[in-house]
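Structure file data_10.cif (mmCIF, C-alpha atoms and all ligand atoms) is printed below.
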```cif
data_run
#
loop_
_atom_site.label_atom_id
_atom_site.label_comp_id
_atom_site.auth_asym_id
_atom_site.auth_seq_id
_atom_site.Cartn_x
_atom_site.Cartn_y
_atom_site.Cartn_z
CA MET A 13 -98.37 54.49 176.48
CA GLY A 14 -99.50 53.18 173.09
CA VAL A 15 -102.91 52.05 174.32
CA GLU A 16 -105.68 52.19 171.72
CA THR A 17 -109.36 51.94 172.58
CA GLU A 18 -112.49 51.25 170.57
CA TYR A 19 -116.01 51.69 171.97
CA TYR A 20 -118.62 49.01 171.33
CA ASP A 21 -122.40 48.74 171.42
CA PRO A 22 -123.14 47.61 174.99
CA LEU A 23 -125.72 45.16 173.64
CA ILE A 24 -123.19 43.51 171.33
CA GLY A 25 -122.85 40.28 173.37
CA ARG A 26 -120.97 37.56 171.47
CA GLY A 27 -120.78 39.92 168.46
CA ILE A 28 -117.79 41.55 170.16
CA ASP A 29 -115.74 38.75 168.64
CA LYS A 30 -115.82 40.66 165.31
CA LEU A 31 -114.15 43.69 166.92
CA VAL A 32 -111.20 41.74 168.31
CA ARG A 33 -107.96 42.80 166.60
CA LYS A 34 -104.42 41.44 166.70
CA ASN A 35 -103.47 43.94 169.39
CA THR A 36 -106.65 43.55 171.50
CA ARG A 37 -105.79 42.71 175.11
CA LEU A 38 -108.93 43.39 177.11
CA ILE A 39 -112.63 44.16 177.08
CA TYR A 40 -113.80 46.79 179.56
CA ALA A 41 -117.52 46.66 180.33
CA GLU A 42 -119.70 48.86 182.53
CA SER A 43 -123.03 47.20 183.22
CA PRO A 44 -125.54 48.68 183.38
CA GLY A 45 -124.18 51.85 181.78
CA SER A 46 -124.49 54.59 184.36
CA GLN A 47 -126.58 56.96 182.19
CA SER A 48 -128.50 54.90 179.65
CA PHE A 49 -128.54 51.62 181.66
CA GLU A 50 -127.97 49.02 178.95
CA VAL A 51 -127.41 45.69 180.70
CA GLN A 52 -124.50 43.84 179.14
CA ASP A 53 -124.34 40.11 178.60
CA ILE A 54 -121.22 39.57 180.70
CA ARG A 55 -121.43 35.79 180.22
CA ALA A 56 -121.28 36.20 176.43
CA LEU A 57 -118.40 38.70 176.65
CA ALA A 58 -116.57 36.29 178.96
CA GLU A 59 -116.93 33.45 176.46
CA VAL A 60 -115.32 35.57 173.75
CA ALA A 61 -112.63 36.78 176.16
CA ARG A 62 -111.78 33.16 177.10
CA ALA A 63 -111.71 31.95 173.49
CA ARG A 64 -109.55 34.88 172.35
CA ASN A 65 -107.28 34.92 175.39
CA LEU A 66 -108.31 38.45 176.47
CA TRP A 67 -109.02 39.91 179.89
CA LEU A 68 -112.57 40.91 180.76
CA LEU A 69 -112.86 43.84 183.19
CA ALA A 70 -116.27 44.83 184.55
CA ASP A 71 -117.36 48.01 186.34
CA ASN A 72 -119.93 46.76 188.83
CA THR A 73 -120.51 50.01 190.74
CA TRP A 74 -124.25 50.19 190.00
CA ALA A 75 -125.06 46.80 191.51
CA SER A 76 -122.36 46.53 194.18
CA PRO A 77 -121.14 43.04 195.13
CA LEU A 78 -124.42 42.43 196.93
CA PHE A 79 -126.53 42.56 193.78
CA CYS A 80 -124.10 41.22 191.16
CA GLN A 81 -120.85 39.28 191.18
CA PRO A 82 -119.31 39.48 187.71
CA LEU A 83 -116.40 37.16 188.64
CA GLY A 84 -119.00 34.39 188.84
CA LEU A 85 -120.26 35.36 185.36
CA GLY A 86 -116.77 34.99 183.88
CA ALA A 87 -115.15 38.41 184.32
CA ASP A 88 -111.48 38.41 185.33
CA VAL A 89 -111.43 41.74 187.14
CA VAL A 90 -114.20 43.75 188.81
CA ILE A 91 -113.78 47.47 189.45
CA GLU A 92 -116.03 49.46 191.74
CA ALA A 93 -116.13 53.08 192.79
CA GLY A 94 -116.20 52.82 196.58
CA THR A 95 -117.14 56.50 196.59
CA LYS A 96 -120.72 55.39 195.92
CA TYR A 97 -122.62 52.65 197.77
CA LEU A 98 -119.70 51.30 199.79
CA VAL A 99 -118.91 54.59 201.53
CA GLY A 100 -122.57 55.55 201.28
CA HIS A 101 -122.29 59.19 202.35
CA ALA A 102 -120.46 60.71 199.37
CA ASP A 103 -117.64 61.91 201.59
CA ALA A 104 -114.56 59.79 200.83
CA LEU A 105 -112.43 58.90 197.80
CA LEU A 106 -112.05 55.13 197.57
CA GLY A 107 -112.25 52.35 195.01
CA PHE A 108 -111.76 48.63 194.99
CA ILE A 109 -110.67 45.95 192.58
CA THR A 110 -111.39 42.26 192.91
CA SER A 111 -110.08 39.60 190.56
CA ASN A 112 -109.66 35.93 189.87
CA ALA A 113 -106.32 34.27 190.58
CA ARG A 114 -105.23 34.59 186.92
CA ALA A 115 -105.37 38.40 187.07
CA ALA A 116 -104.34 38.92 190.69
CA LYS A 117 -100.57 38.94 190.19
CA PHE A 118 -100.82 41.58 187.44
CA ILE A 119 -103.03 43.82 189.57
CA GLU A 120 -100.75 43.43 192.55
CA ARG A 121 -97.76 44.36 190.41
CA SER A 122 -99.52 47.40 188.87
CA THR A 123 -100.77 48.76 192.17
CA GLY A 124 -97.22 48.40 193.52
CA HIS A 125 -95.69 50.18 190.52
CA LEU A 126 -98.27 52.95 190.59
CA GLY A 127 -98.11 53.32 194.36
CA VAL A 128 -101.88 53.11 194.64
CA CYS A 129 -102.79 53.16 198.30
CA PRO A 130 -106.02 54.29 199.99
CA GLY A 131 -105.75 56.61 202.98
CA SER A 132 -106.45 55.24 206.45
CA GLU A 133 -109.43 57.57 206.98
CA GLU A 134 -110.96 56.48 203.64
CA THR A 135 -110.38 52.82 204.47
CA PHE A 136 -112.10 53.34 207.82
CA LEU A 137 -115.09 54.98 206.12
CA GLY A 138 -115.27 52.15 203.57
CA LEU A 139 -115.22 49.49 206.28
CA ARG A 140 -117.85 51.37 208.24
CA GLY A 141 -120.02 51.67 205.12
CA LEU A 142 -119.77 47.92 204.59
CA ARG A 143 -121.64 47.32 207.85
CA THR A 144 -124.81 49.00 206.56
CA LEU A 145 -124.45 48.34 202.82
CA ASP A 146 -127.07 45.60 202.90
CA VAL A 147 -129.86 47.62 204.54
CA ARG A 148 -129.04 50.77 202.58
CA LEU A 149 -129.11 48.97 199.25
CA GLN A 150 -132.43 47.30 200.02
CA ARG A 151 -133.84 50.76 200.71
CA HIS A 152 -132.28 52.32 197.58
CA GLN A 153 -133.75 49.47 195.55
CA GLU A 154 -137.24 49.73 197.05
CA THR A 155 -137.46 53.53 196.76
CA GLY A 156 -135.83 53.54 193.31
CA LEU A 157 -138.31 51.04 191.89
CA ALA A 158 -141.28 52.82 193.47
CA LEU A 159 -140.11 56.19 192.17
CA ALA A 160 -139.46 54.75 188.70
CA GLU A 161 -142.97 53.24 188.59
CA TRP A 162 -144.46 56.53 189.76
CA LEU A 163 -142.55 58.55 187.14
CA LYS A 164 -143.51 56.04 184.43
CA ALA A 165 -147.18 56.75 185.10
CA ARG A 166 -146.76 60.55 184.82
CA PRO A 167 -148.05 62.11 181.58
CA GLU A 168 -144.90 64.29 181.33
CA VAL A 169 -142.68 61.19 181.03
CA VAL A 170 -142.12 59.31 177.76
CA ARG A 171 -140.26 56.37 179.29
CA VAL A 172 -138.24 55.23 182.26
CA ILE A 173 -134.97 53.32 181.81
CA HIS A 174 -134.61 51.00 184.80
CA PRO A 175 -133.44 47.40 184.29
CA GLY A 176 -135.48 46.28 187.31
CA LEU A 177 -138.77 47.19 185.61
CA PRO A 178 -140.50 44.48 183.57
CA GLY A 179 -140.54 45.62 179.94
CA ASP A 180 -137.17 47.39 180.18
CA PRO A 181 -134.83 46.24 177.35
CA GLY A 182 -132.30 45.05 179.94
CA HIS A 183 -134.78 43.33 182.25
CA ALA A 184 -134.22 39.72 181.06
CA ILE A 185 -130.42 39.79 181.52
CA TRP A 186 -130.80 41.75 184.77
CA LYS A 187 -133.13 39.04 186.08
CA ARG A 188 -130.71 36.31 185.04
CA ASP A 189 -127.52 37.87 186.42
CA PHE A 190 -128.49 40.29 189.23
CA LYS A 191 -129.96 39.78 192.68
CA GLY A 192 -131.33 43.32 192.93
CA ALA A 193 -131.32 46.87 191.58
CA SER A 194 -129.74 49.96 193.06
CA GLY A 195 -131.33 53.40 193.21
CA LEU A 196 -129.94 54.85 189.96
CA PHE A 197 -132.08 55.08 186.81
CA SER A 198 -133.03 57.45 184.02
CA VAL A 199 -136.15 59.05 182.64
CA ILE A 200 -136.93 60.56 179.23
CA LEU A 201 -139.34 63.48 179.42
CA LYS A 202 -141.64 64.75 176.71
CA PRO A 203 -139.94 67.55 174.77
CA CYS A 204 -140.02 70.88 176.61
CA ALA A 205 -138.23 74.23 176.50
CA LYS A 206 -134.87 74.48 178.30
CA LYS A 207 -136.40 77.18 180.48
CA ALA A 208 -139.20 74.84 181.58
CA LEU A 209 -136.70 72.10 182.43
CA ALA A 210 -134.66 74.59 184.44
CA ALA A 211 -137.81 75.65 186.33
CA PHE A 212 -138.36 71.98 187.22
CA LEU A 213 -134.81 71.29 188.39
CA ASP A 214 -133.54 74.55 189.83
CA HIS A 215 -135.74 74.76 192.91
CA LEU A 216 -136.00 71.15 194.04
CA GLU A 217 -135.56 70.90 197.78
CA LEU A 218 -134.68 67.24 198.27
CA PHE A 219 -133.01 66.33 195.00
CA GLY A 220 -129.54 67.77 194.71
CA MET A 221 -127.85 68.14 191.33
CA GLY A 222 -124.64 66.14 191.48
CA TYR A 223 -122.80 63.42 189.59
CA SER A 224 -121.47 61.08 192.23
CA TRP A 225 -124.44 58.99 193.31
CA GLY A 226 -124.66 56.16 195.85
CA GLY A 227 -124.82 58.29 198.98
CA TYR A 228 -127.87 58.87 201.16
CA GLU A 229 -128.81 61.93 199.10
CA SER A 230 -131.37 61.93 196.31
CA LEU A 231 -130.02 63.37 193.10
CA VAL A 232 -131.17 64.38 189.66
CA ILE A 233 -129.02 65.45 186.76
CA PRO A 234 -129.92 66.26 183.15
CA PHE A 235 -127.66 64.50 180.64
CA ASP A 236 -127.07 64.19 176.93
CA CYS A 237 -124.65 61.50 175.81
CA ALA A 238 -124.98 62.33 172.08
CA ALA A 239 -121.63 64.15 171.97
CA TYR A 240 -119.53 61.41 173.56
CA ARG A 241 -121.38 58.31 172.35
CA THR A 242 -119.73 56.87 169.26
CA ALA A 243 -120.64 53.17 168.91
CA THR A 244 -124.40 53.75 169.03
CA LYS A 245 -126.68 56.76 168.56
CA TRP A 246 -128.26 58.57 171.51
CA ASN A 247 -131.37 60.25 170.21
CA PRO A 248 -134.07 60.28 172.90
CA GLU A 249 -137.58 61.64 172.44
CA GLY A 250 -136.96 64.53 174.85
CA PRO A 251 -134.72 65.68 177.72
CA ALA A 252 -133.04 62.90 179.70
CA LEU A 253 -132.75 62.98 183.49
CA ARG A 254 -130.79 60.61 185.71
CA PHE A 255 -132.21 60.06 189.18
CA HIS A 256 -130.64 58.63 192.28
CA ALA A 257 -133.19 57.57 194.89
CA GLY A 258 -131.58 58.31 198.24
CA LEU A 259 -132.52 57.13 201.70
CA GLY A 260 -135.23 59.73 202.37
CA SER A 261 -138.99 59.31 202.37
CA LEU A 262 -140.63 58.30 199.10
CA ASP A 263 -143.61 60.58 199.77
CA ASP A 264 -141.31 63.58 200.29
CA MET A 265 -139.51 62.76 197.04
CA LYS A 266 -142.79 62.54 195.13
CA ALA A 267 -143.94 65.86 196.62
CA ASP A 268 -140.66 67.57 195.65
CA LEU A 269 -140.88 66.23 192.07
CA THR A 270 -144.60 67.04 191.79
CA ALA A 271 -143.85 70.66 192.71
CA GLY A 272 -141.00 70.68 190.17
CA ILE A 273 -143.24 69.32 187.42
CA SER A 274 -145.85 72.00 188.22
CA ARG A 275 -143.17 74.69 187.84
CA GLN A 276 -142.17 73.09 184.52
CA GLN A 277 -145.75 73.12 183.25
CA GLU A 278 -146.35 76.72 184.37
CA SER A 279 -143.20 78.22 182.86
C1 LIG A 301 -120.41 53.21 187.01
C2 LIG A 301 -119.35 54.15 187.56
N1 LIG A 301 -118.12 53.66 187.80
C3 LIG A 301 -117.14 54.44 188.29
C4 LIG A 301 -117.35 55.77 188.56
C5 LIG A 301 -116.20 56.58 189.08
O1 LIG A 301 -116.43 57.08 190.33
P1 LIG A 301 -115.28 57.91 191.09
O2 LIG A 301 -114.94 59.06 190.20
O3 LIG A 301 -115.90 58.31 192.36
O4 LIG A 301 -114.14 56.95 191.26
C6 LIG A 301 -118.60 56.32 188.32
C7 LIG A 301 -118.85 57.77 188.63
O5 LIG A 301 -119.86 58.33 188.41
C8 LIG A 301 -119.63 55.50 187.80
O6 LIG A 301 -120.86 55.99 187.55
#
```
Hey, can you dump this file as structure tokens for me?
Ligand SMILES: Cc1ncc(COP(=O)(O)O)c(C=O)c1O
Amino acid sequence: MGVETEYYDPLIGRGIDKLVRKNTRLIYAESPGSQSFEVQDIRALAEVARARNLWLLADNTWASPLFCQPLGLGADVVIEAGTKYLVGHADALLGFITSNARAAKFIERSTGHLGVCPGSEETFLGLRGLRTLDVRLQRHQETGLALAEWLKARPEVVRVIHPGLPGDPGHAIWKRDFKGASGLFSVILKPCAKKALAAFLDHLELFGMGYSWGGYESLVIPFDCAAYRTATKWNPEGPALRFHAGLGSLDDMKADLTAGISRQQES
């Protein structure tokens, strides 16, 4: 359809102005990035978008509308995967788009042309999820922060990437623009053999290995964005793991991970 894209450094802020070309129509931000968790300066991007007459679209899935409202920061359109915190049980395909009045007529027209329409069962599950979103997110936040702090103190861990932790590169903007943190964050381990990492991950009892987070389950997934990251370099000190703190007991999670780390050290 003749659409060209160019990736940008998520920390670019107002510097994105230099990337704007004659045919640029929109900026599409995901904040924080769902693997490496850079927090974007949506206000700065919005200023450039306004001045250059572009649209600013923001993926706000990590925070959900309870913890961040990018429309208030200047975004025109907010996109969220309802499959995650809204539905909350990882069992329905659903998404939602919110926008300001300027963008609404275009979105309405596109959804009509594309015939986008959620199923009734999915809509029911989304509405049901909405009723407990608040309490679930508070719990994801609390357990996620506690787990991140605990992992940070482990000798096997080089660093934890969680915008809610003081000292994280994204903490200042997170504090300015967000009301809370969800349960998704990453950890960089000290270098270890692939076999040792597999021994850690393969026999966890509570942490499943899956991509679509935001449900009640706790998850862990190894990742390496080096191959698909083009605007910046991804070169961590050791293996990277993304965790999702689910709704279970923090002590059980720590016990499961402690056993995993012992297997890693022994192998
Ligand atoms: C930040 C973010 N947005 C959107 C999505 C897309 O989710 P889905 O494929 O369930 O629509 C994901 C999936 O992992 C995500 O992490």
Problem set entry | segment 198-208 of chain A surroundings by only C-alpha atoms, 12 Å radius, close-in-sequence under 5 positions cut, as number ranges by chain | A: 44-50, 156-157, 159-177, 180, 213-215, 231-236, 246-257, 272-279
For this session: Taking all atoms listed in the file into account, report as a PyMOL selection string which residues have an atom no farther than 8 Å from an atom of ligand LIG 301 (chain A).
Result: chain A and resi 42-47+71-74+91-96+105-107+223-225
For this session: Work out how far atom CA of Ala104 of chain A is from atom CA of Thr135 of chain A, in Å to one decimal.
Result: 8.9 Å
For this session: Quote the spacing between atom CA of Leu68 of chain A and atom CA of Gly141 of chain A in Å to one decimal place.
Result: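 Computed distance, atom CA of Leu68 of chain A to atom CA of Gly141 of chain A, equals 27.7 Å.
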Problem set entry | Interatomic distance (Å, one decimal) between atom CA of Tyr97 of chain A and atom CA of Phe79 of chain A |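 So the two atoms, atom CA of Tyr97 of chain A and atom CA of Phe79 of chain A, lie 11.5 Å apart.
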Is there a way to complete segment 33-64 of chain A with N, CA and C atoms and then write that out as a CSV table (one decimal), keeping the file's coordinate frame?
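Result file is result.csv:
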```csv
chain,number,residue,atom,x,y,z
A,33,ARG,N,-109.1,42.6,167.5
A,33,ARG,CA,-108.0,42.8,166.6
A,33,ARG,C,-106.7,42.1,167.1
A,34,LYS,N,-105.7,42.1,166.3
A,34,LYS,CA,-104.4,41.4,166.7
A,34,LYS,C,-103.9,42.0,168.0
A,35,ASN,N,-104.0,43.3,168.2
A,35,ASN,CA,-103.5,43.9,169.4
A,35,ASN,C,-104.5,44.1,170.5
A,36,THR,N,-105.7,43.4,170.4
A,36,THR,CA,-106.6,43.6,171.5
A,36,THR,C,-106.2,42.7,172.7
A,37,ARG,N,-106.2,43.4,173.9
A,37,ARG,CA,-105.8,42.7,175.1
A,37,ARG,C,-106.9,42.5,176.1
A,38,LEU,N,-107.9,43.5,176.1
A,38,LEU,CA,-108.9,43.4,177.1
A,38,LEU,C,-110.2,44.0,176.7
A,39,ILE,N,-111.3,43.6,177.3
A,39,ILE,CA,-112.6,44.2,177.1
A,39,ILE,C,-113.0,44.8,178.4
A,40,TYR,N,-113.5,46.1,178.3
A,40,TYR,CA,-113.8,46.8,179.6
A,40,TYR,C,-115.3,47.1,179.5
A,41,ALA,N,-116.1,46.5,180.4
A,41,ALA,CA,-117.5,46.7,180.3
A,41,ALA,C,-118.0,47.4,181.6
A,42,GLU,N,-119.0,48.3,181.4
A,42,GLU,CA,-119.7,48.9,182.5
A,42,GLU,C,-121.2,48.5,182.4
A,43,SER,N,-121.7,47.7,183.3
A,43,SER,CA,-123.0,47.2,183.2
A,43,SER,C,-123.8,47.3,184.5
A,44,PRO,N,-125.0,47.9,184.5
A,44,PRO,CA,-125.5,48.7,183.4
A,44,PRO,C,-124.8,50.0,183.2
A,45,GLY,N,-124.8,50.6,182.0
A,45,GLY,CA,-124.2,51.8,181.8
A,45,GLY,C,-124.8,52.9,182.7
A,46,SER,N,-124.0,53.8,183.3
A,46,SER,CA,-124.5,54.6,184.4
A,46,SER,C,-125.3,55.8,183.9
A,47,GLN,N,-125.6,55.9,182.6
A,47,GLN,CA,-126.6,57.0,182.2
A,47,GLN,C,-127.7,56.3,181.5
A,48,SER,N,-127.4,55.5,180.5
A,48,SER,CA,-128.5,54.9,179.6
A,48,SER,C,-128.9,53.5,180.0
A,49,PHE,N,-128.1,52.9,181.0
A,49,PHE,CA,-128.5,51.6,181.7
A,49,PHE,C,-128.8,50.4,180.8
A,50,GLU,N,-127.9,50.3,179.7
A,50,GLU,CA,-128.0,49.0,179.0
A,50,GLU,C,-127.3,47.9,179.8
A,51,VAL,N,-128.0,46.8,179.9
A,51,VAL,CA,-127.4,45.7,180.7
A,51,VAL,C,-126.6,44.8,179.7
A,52,GLN,N,-125.3,44.6,180.1
A,52,GLN,CA,-124.5,43.8,179.1
A,52,GLN,C,-124.6,42.4,179.5
A,53,ASP,N,-124.4,41.6,178.4
A,53,ASP,CA,-124.3,40.1,178.6
A,53,ASP,C,-122.9,39.7,178.9
A,54,ILE,N,-122.6,39.8,180.2
A,54,ILE,CA,-121.2,39.6,180.7
A,54,ILE,C,-120.8,38.1,180.4
A,55,ARG,N,-121.8,37.2,180.5
A,55,ARG,CA,-121.4,35.8,180.2
A,55,ARG,C,-121.0,35.6,178.8
A,56,ALA,N,-121.7,36.3,177.8
A,56,ALA,CA,-121.3,36.2,176.4
A,56,ALA,C,-119.9,36.9,176.2
A,57,LEU,N,-119.7,38.0,176.8
A,57,LEU,CA,-118.4,38.7,176.6
A,57,LEU,C,-117.3,37.8,177.2
A,58,ALA,N,-117.6,37.1,178.3
A,58,ALA,CA,-116.6,36.3,179.0
A,58,ALA,C,-116.2,35.1,178.1
A,59,GLU,N,-117.2,34.6,177.4
A,59,GLU,CA,-116.9,33.4,176.5
A,59,GLU,C,-116.0,33.9,175.4
A,60,VAL,N,-116.2,35.1,174.8
A,60,VAL,CA,-115.3,35.6,173.8
A,60,VAL,C,-113.9,35.8,174.3
A,61,ALA,N,-113.9,36.5,175.5
A,61,ALA,CA,-112.6,36.8,176.2
A,61,ALA,C,-111.8,35.5,176.4
A,62,ARG,N,-112.5,34.4,176.9
A,62,ARG,CA,-111.8,33.2,177.1
A,62,ARG,C,-111.2,32.6,175.8
A,63,ALA,N,-112.1,32.6,174.8
A,63,ALA,CA,-111.7,32.0,173.5
A,63,ALA,C,-110.6,32.7,172.8
A,64,ARG,N,-110.5,34.0,173.0
A,64,ARG,CA,-109.6,34.9,172.4
A,64,ARG,C,-108.4,35.2,173.2
```
